[in-house]
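Asks: coords10.csv (CSV, C-alpha atoms) pasted underneath:
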chain,number,residue,atom,x,y,z
N,1,MET,CA,-68.0,17.6,6.9
N,2,LYS,CA,-71.1,19.5,8.1
N,3,ILE,CA,-71.6,20.8,11.6
N,4,SER,CA,-74.7,22.8,12.3
N,5,VAL,CA,-76.1,24.2,15.6
N,6,GLN,CA,-79.7,25.2,14.8
N,7,ARG,CA,-83.2,25.8,16.1
N,8,GLU,CA,-84.8,24.0,13.1
N,9,ASP,CA,-85.6,20.3,12.9
N,10,PHE,CA,-83.6,18.1,10.4
N,11,ASP,CA,-84.3,15.3,8.0
N,12,LEU,CA,-82.3,12.1,8.5
N,13,GLY,CA,-82.9,10.8,5.0
N,14,LEU,CA,-81.7,14.0,3.4
N,15,GLU,CA,-78.6,14.2,5.6
N,16,VAL,CA,-77.7,10.6,4.9
N,17,ARG,CA,-78.1,10.9,1.2
N,18,THR,CA,-75.9,14.0,1.2
N,19,ILE,CA,-73.0,12.2,2.7
N,20,SER,CA,-73.5,9.0,0.6
N,21,ARG,CA,-72.7,10.4,-2.8
N,22,ASN,CA,-69.1,9.3,-3.0
N,23,SER,CA,-68.9,5.7,-4.6
N,24,LYS,CA,-66.1,4.8,-2.3
N,25,ILE,CA,-68.5,5.0,0.7
N,26,GLY,CA,-69.9,1.6,1.7
N,27,ALA,CA,-71.4,2.3,5.1
N,28,VAL,CA,-73.2,5.1,6.9
N,29,ALA,CA,-73.9,4.9,10.6
N,30,SER,CA,-76.3,7.4,12.2
N,31,PHE,CA,-77.6,8.2,15.6
N,32,ILE,CA,-80.5,10.4,16.5
N,33,GLY,CA,-81.2,11.6,20.1
N,34,LEU,CA,-84.8,12.4,21.0
N,35,VAL,CA,-86.5,14.4,23.7
N,36,ARG,CA,-88.2,11.8,26.1
N,37,ASP,CA,-91.3,12.8,28.1
N,38,VAL,CA,-90.6,16.3,29.2
N,39,ARG,CA,-90.5,19.7,27.4
N,40,MET,CA,-87.1,21.3,27.5
N,41,THR,CA,-85.0,24.4,26.6
N,42,LEU,CA,-81.5,23.8,25.3
N,43,GLU,CA,-78.9,26.6,25.8
N,44,HIS,CA,-75.5,26.6,24.2
N,45,TYR,CA,-72.4,28.7,23.9
N,46,PRO,CA,-72.4,30.1,20.3
N,47,GLY,CA,-69.0,29.9,18.7
N,48,MET,CA,-67.5,27.5,21.1
N,49,THR,CA,-70.2,24.8,20.4
N,50,GLU,CA,-69.3,24.6,16.7
N,51,ASN,CA,-65.5,24.6,17.5
N,52,ALA,CA,-65.9,21.9,20.1
N,53,ILE,CA,-67.9,19.6,17.8
N,54,ARG,CA,-65.4,20.2,15.0
N,55,LYS,CA,-62.5,19.1,17.3
N,56,ILE,CA,-64.4,15.9,18.3
N,57,VAL,CA,-65.1,15.0,14.6
N,58,GLU,CA,-61.4,15.6,13.8
N,59,GLU,CA,-60.3,13.4,16.7
N,60,ALA,CA,-62.7,10.6,15.4
N,61,ALA,CA,-61.2,11.0,11.9
N,62,GLY,CA,-57.7,10.5,13.4
N,63,ARG,CA,-58.8,7.1,14.9
N,64,TRP,CA,-61.1,5.7,12.2
N,65,GLN,CA,-61.7,6.2,8.5
N,66,VAL,CA,-64.3,9.0,8.3
N,67,MET,CA,-65.0,9.8,4.7
N,68,ASP,CA,-67.7,12.3,5.5
N,69,CYS,CA,-69.6,13.3,8.6
N,70,THR,CA,-72.6,15.4,9.6
N,71,VAL,CA,-73.4,16.6,13.1
N,72,ILE,CA,-76.6,18.6,13.8
N,73,HIS,CA,-77.5,19.7,17.3
N,74,ARG,CA,-80.6,21.7,18.0
N,75,TYR,CA,-81.1,24.4,20.7
N,76,GLY,CA,-84.1,26.4,21.9
N,77,GLU,CA,-87.5,25.1,22.9
N,78,LEU,CA,-88.1,21.3,22.3
N,79,GLU,CA,-91.1,19.1,22.9
N,80,PRO,CA,-91.4,15.4,23.8
N,81,ASN,CA,-90.4,13.2,20.8
N,82,ASP,CA,-88.6,16.1,19.0
N,83,GLN,CA,-85.2,15.2,17.5
N,84,ILE,CA,-82.3,16.9,19.4
N,85,VAL,CA,-79.1,15.6,17.8
N,86,LEU,CA,-78.0,13.8,14.7
N,87,VAL,CA,-74.6,12.2,14.1
N,88,ALA,CA,-74.0,10.5,10.8
N,89,VAL,CA,-70.7,9.0,9.7
N,90,ALA,CA,-69.8,7.7,6.2
N,91,SER,CA,-67.0,5.3,5.7
N,92,ALA,CA,-65.9,2.5,3.4
N,93,HIS,CA,-66.8,-0.2,5.9
N,94,ARG,CA,-69.3,-0.5,8.9
N,95,GLY,CA,-66.7,-1.0,11.6
N,96,ASP,CA,-65.3,2.5,11.2
N,97,ALA,CA,-68.7,4.1,10.7
N,98,PHE,CA,-70.2,2.5,13.9
N,99,ALA,CA,-67.2,3.2,16.1
N,100,ALA,CA,-66.8,6.8,14.9
N,101,CYS,CA,-70.5,7.6,15.3
N,102,GLU,CA,-70.6,6.3,18.9
N,103,PHE,CA,-67.3,8.0,19.8
N,104,ILE,CA,-68.6,11.4,18.5
N,105,MET,CA,-71.8,11.0,20.4
N,106,ASP,CA,-70.0,10.0,23.7
N,107,TYR,CA,-67.6,12.9,23.4
N,108,LEU,CA,-70.3,15.4,22.4
N,109,LYS,CA,-72.2,14.5,25.7
N,110,THR,CA,-69.2,15.6,27.8
N,111,ARG,CA,-67.4,18.2,25.8
N,112,ALA,CA,-69.9,20.2,23.7
N,113,PRO,CA,-71.3,23.2,25.6
N,114,PHE,CA,-75.0,22.5,25.7
N,115,TRP,CA,-77.3,22.7,28.8
N,116,LYS,CA,-80.8,21.2,29.1
N,117,LYS,CA,-83.5,22.8,31.3
N,118,GLU,CA,-86.6,20.7,31.8
N,119,HIS,CA,-90.0,22.2,32.2
N,120,ARG,CA,-92.6,20.3,34.4
N,121,GLY,CA,-95.7,22.4,34.8
N,122,ALA,CA,-94.6,25.7,36.2
N,123,ALA,CA,-91.3,24.3,37.5
N,124,ALA,CA,-88.1,24.5,35.5
N,125,THR,CA,-84.9,22.7,36.5
N,126,TRP,CA,-81.5,22.4,35.0
N,127,VAL,CA,-80.5,18.8,34.2
N,128,GLU,CA,-77.5,17.6,36.2
N,129,ALA,CA,-74.6,16.0,34.3
N,130,LYS,CA,-74.3,12.2,34.7
N,131,ALA,CA,-71.2,10.4,35.8
N,132,ALA,CA,-72.2,7.6,33.4
N,133,ASP,CA,-71.6,10.1,30.5
N,134,ASP,CA,-68.1,10.7,31.7
N,135,ASP,CA,-67.5,7.0,31.9
N,136,ALA,CA,-68.8,6.5,28.4
N,137,ALA,CA,-66.4,9.1,27.1
N,138,ASP,CA,-63.5,7.8,29.1
N,139,ARG,CA,-63.7,4.2,27.9
N,140,TRP,CA,-62.4,5.4,24.5
N,141,ASN,CA,-59.1,6.1,26.2
N,142,LYS,CA,-58.6,2.7,27.7
R,143,MET,CA,-55.8,43.7,32.4
R,144,ARG,CA,-59.3,43.5,31.0
R,145,VAL,CA,-61.1,40.2,30.2
R,146,LYS,CA,-64.7,39.4,29.1
R,147,VAL,CA,-66.3,36.8,31.4
R,148,LEU,CA,-69.3,34.8,30.3
R,149,PHE,CA,-71.7,32.7,32.3
R,150,PHE,CA,-74.1,30.0,31.1
R,151,ALA,CA,-77.1,28.0,32.2
R,152,SER,CA,-77.7,27.8,36.0
R,153,MET,CA,-74.7,30.0,36.7
R,154,ARG,CA,-76.0,32.7,34.3
R,155,GLU,CA,-79.3,32.6,36.2
R,156,GLN,CA,-77.8,32.6,39.7
R,157,LEU,CA,-75.4,35.4,38.9
R,158,GLY,CA,-78.1,37.4,37.1
R,159,ARG,CA,-76.0,38.2,34.0
R,160,PRO,CA,-74.8,36.5,30.8
R,161,SER,CA,-71.5,38.4,30.7
R,162,GLU,CA,-69.3,41.0,32.2
R,163,GLU,CA,-66.2,43.0,31.3
R,164,ILE,CA,-63.8,42.8,34.3
R,165,GLU,CA,-60.6,44.8,35.0
R,166,LEU,CA,-58.2,42.5,36.8
R,167,PRO,CA,-55.0,43.1,38.8
R,168,ALA,CA,-52.0,41.5,37.0
R,169,SER,CA,-51.8,38.9,39.7
R,170,ILE,CA,-55.1,37.3,38.6
R,171,ASN,CA,-53.6,35.5,35.6
R,172,THR,CA,-55.1,32.0,35.6
R,173,VAL,CA,-58.6,30.6,35.4
R,174,GLY,CA,-58.3,29.3,39.0
R,175,ALA,CA,-57.2,32.8,40.3
R,176,LEU,CA,-60.1,34.4,38.4
R,177,ARG,CA,-62.5,31.9,39.9
R,178,ASP,CA,-61.2,32.7,43.4
R,179,HIS,CA,-61.4,36.4,42.6
R,180,LEU,CA,-65.1,36.1,41.6
R,181,ARG,CA,-65.9,33.9,44.6
R,182,ALA,CA,-64.5,36.6,46.9
R,183,ARG,CA,-67.3,39.0,45.9
R,184,GLY,CA,-69.5,37.0,48.3
R,185,GLY,CA,-73.3,36.4,48.2
R,186,VAL,CA,-74.4,34.5,45.1
R,187,TRP,CA,-70.8,34.6,43.8
R,188,GLU,CA,-69.6,32.7,46.8
R,189,THR,CA,-72.3,30.1,46.3
R,190,SER,CA,-71.8,29.7,42.5
R,191,PHE,CA,-68.1,29.4,42.8
R,192,ALA,CA,-67.9,27.4,46.0
R,193,PRO,CA,-65.1,24.8,46.0
R,194,ASN,CA,-67.5,21.9,46.1
R,195,ARG,CA,-69.5,23.1,43.1
R,196,ALA,CA,-68.6,21.5,39.7
R,197,VAL,CA,-67.7,24.5,37.6
R,198,ARG,CA,-66.2,24.1,34.1
R,199,ALA,CA,-64.3,26.8,32.3
R,200,ALA,CA,-63.2,27.8,28.8
R,201,VAL,CA,-60.7,30.3,27.6
R,202,ASN,CA,-61.3,31.8,24.1
R,203,GLN,CA,-63.9,29.0,23.5
R,204,ASP,CA,-61.6,26.1,24.4
R,205,MET,CA,-62.2,24.0,27.5
R,206,ALA,CA,-59.6,25.0,30.1
R,207,GLN,CA,-58.4,23.8,33.5
R,208,GLY,CA,-57.7,25.9,36.6
R,209,ASN,CA,-54.0,26.4,35.8
R,210,ALA,CA,-54.7,27.7,32.3
R,211,SER,CA,-53.3,31.3,31.9
R,212,ILE,CA,-55.4,34.3,31.0
R,213,LYS,CA,-54.3,37.5,29.4
R,214,THR,CA,-55.8,40.8,28.5
R,215,GLY,CA,-58.5,40.6,25.8
R,216,ASP,CA,-59.3,37.0,26.6
R,217,GLU,CA,-62.9,35.6,26.7
R,218,VAL,CA,-63.3,33.4,29.8
R,219,ALA,CA,-66.5,31.4,30.3
R,220,PHE,CA,-67.7,29.6,33.4
R,221,PHE,CA,-70.5,27.1,33.3
R,222,PRO,CA,-71.8,23.9,34.9
R,223,PRO,CA,-70.9,20.4,33.5
R,224,VAL,CA,-72.5,20.1,30.0
R,225,THR,CA,-75.7,18.2,29.4
R,226,GLY,CA,-76.3,18.2,25.6
R,227,GLY,CA,-76.8,15.3,23.2
As structure tokens, please, write out the structure in this file.
Replies:
Amino acid sequence: MKISVQREDFDLGLEVRTISRNSKIGAVASFIGLVRDVRMTLEHYPGMTENAIRKIVEEAAGRWQVMDCTVIHRYGELEPNDQIVLVAVASAHRGDAFAACEFIMDYLKTRAPFWKKEHRGAAATWVEAKAADDDAADRWNK
Amino acid sequence: MRVKVLFFASMREQLGRPSEEIELPASINTVGALRDHLRARGGVWETSFAPNRAVRAAVNQDMAQGNASIKTGDEVAFFPPVTGG
């Protein structure tokens, strides 16, 4: 398992190859979140962020077969079209890989301590949390 | 007792500081009591910790509810709902 909170960009191909080396692995599902049309700054809570993501991955591994997993989340200054987050899950079969990947992403949105600030011209505004993100996380408990 | 309190994102900006060491009376021994204690400072504190504001908390880097207990040496963080991913 690899969890990294970093300023630097990441390479999907490299990360997927790294968690695909075990010959028991038959499926890797991955998700990448991108910056849409506005420049932003991402703040996080060093220490807690890594712990929170680790707990989310462990919870996913308790629900599905997770043979390996990589989560990378960037912070700092990001430009439109930049990659923000990567979740990649390796499993024997696609069902577990898809479900665990989506679960980790849904939980990360509501439990990992990151905050986005958007910059439009001279104006900077903190992004408000969305109720839809809470709903997406809650549906895993139904 | 003494605790370290951290603030993030919009709360850090409104309160004008990322962290603070606070000496607390023994009666302030939960996250909720600490929140009320800070709100009672008035001004921006009253605004940032107003009852209708969504404020999340963590104790020693774990998400915590208002009834979570705090003890000397703890790291308590207050922040708005998270918006990563």
Asks: Can you write out as a Markdown table which residues of chain R fall within 10 Å of chain N, alongside each residue's closest atom pair and its distance in Å to one decimal, counting only C-alpha atoms and ordering rows by chain and ascending residue number?
Replies:
| residue | atom | partner | partner_atom | distance |
| --- | --- | --- | --- | --- |
| R:Leu148 | CA | N:Tyr45 | CA | 9.4 |
| R:Phe149 | CA | N:Tyr45 | CA | 9.3 |
| R:Phe150 | CA | N:Tyr45 | CA | 7.5 |
| R:Ala151 | CA | N:Trp115 | CA | 6.3 |
| R:Ser152 | CA | N:Trp126 | CA | 6.7 |
| R:Ala196 | CA | N:Ala129 | CA | 9.8 |
| R:Arg198 | CA | N:Pro113 | CA | 10.0 |
| R:Ala200 | CA | N:Met48 | CA | 8.8 |
| R:Val201 | CA | N:Met48 | CA | 9.8 |
| R:Asn202 | CA | N:Met48 | CA | 8.1 |
| R:Gln203 | CA | N:Met48 | CA | 4.6 |
| R:Asp204 | CA | N:Met48 | CA | 6.9 |
| R:Met205 | CA | N:Arg111 | CA | 8.0 |
| R:Ala219 | CA | N:Tyr45 | CA | 9.1 |
| R:Phe221 | CA | N:Pro113 | CA | 8.7 |
| R:Pro222 | CA | N:Trp115 | CA | 8.3 |
| R:Pro223 | CA | N:Ala129 | CA | 5.8 |
| R:Val224 | CA | N:Pro113 | CA | 5.5 |
| R:Thr225 | CA | N:Trp115 | CA | 4.8 |
| R:Gly226 | CA | N:Phe114 | CA | 4.5 |
| R:Gly227 | CA | N:Lys109 | CA | 5.3 |
Asks: Report, in Å with one decimal, the straight-line distance from atom CA of N:Val71 to atom CA of N:Arg120.
Replies: 28.9 Å
Asks: Between atom CA of R:Pro160 and atom CA of R:Phe220, what is the distance in Å, rounded to a tenth?
Replies: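 It comes out at 10.2 Å.
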Asks: Point out the residue among R:Arg195, R:Arg183, R:Lys146, R:Arg177 with the least atom-to-atom distance to R:Glu165, counting only C-alpha atoms.
Replies: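 So, comparing all the options, the nearest one is R:Lys146.
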Asks: Could you jot down the atom CA of R:Gln207 to atom CA of R:Asp178 separation for me, Å, one decimal place?
Replies: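 Answer for the atom CA of R:Gln207 to atom CA of R:Asp178 separation: 13.6 Å.
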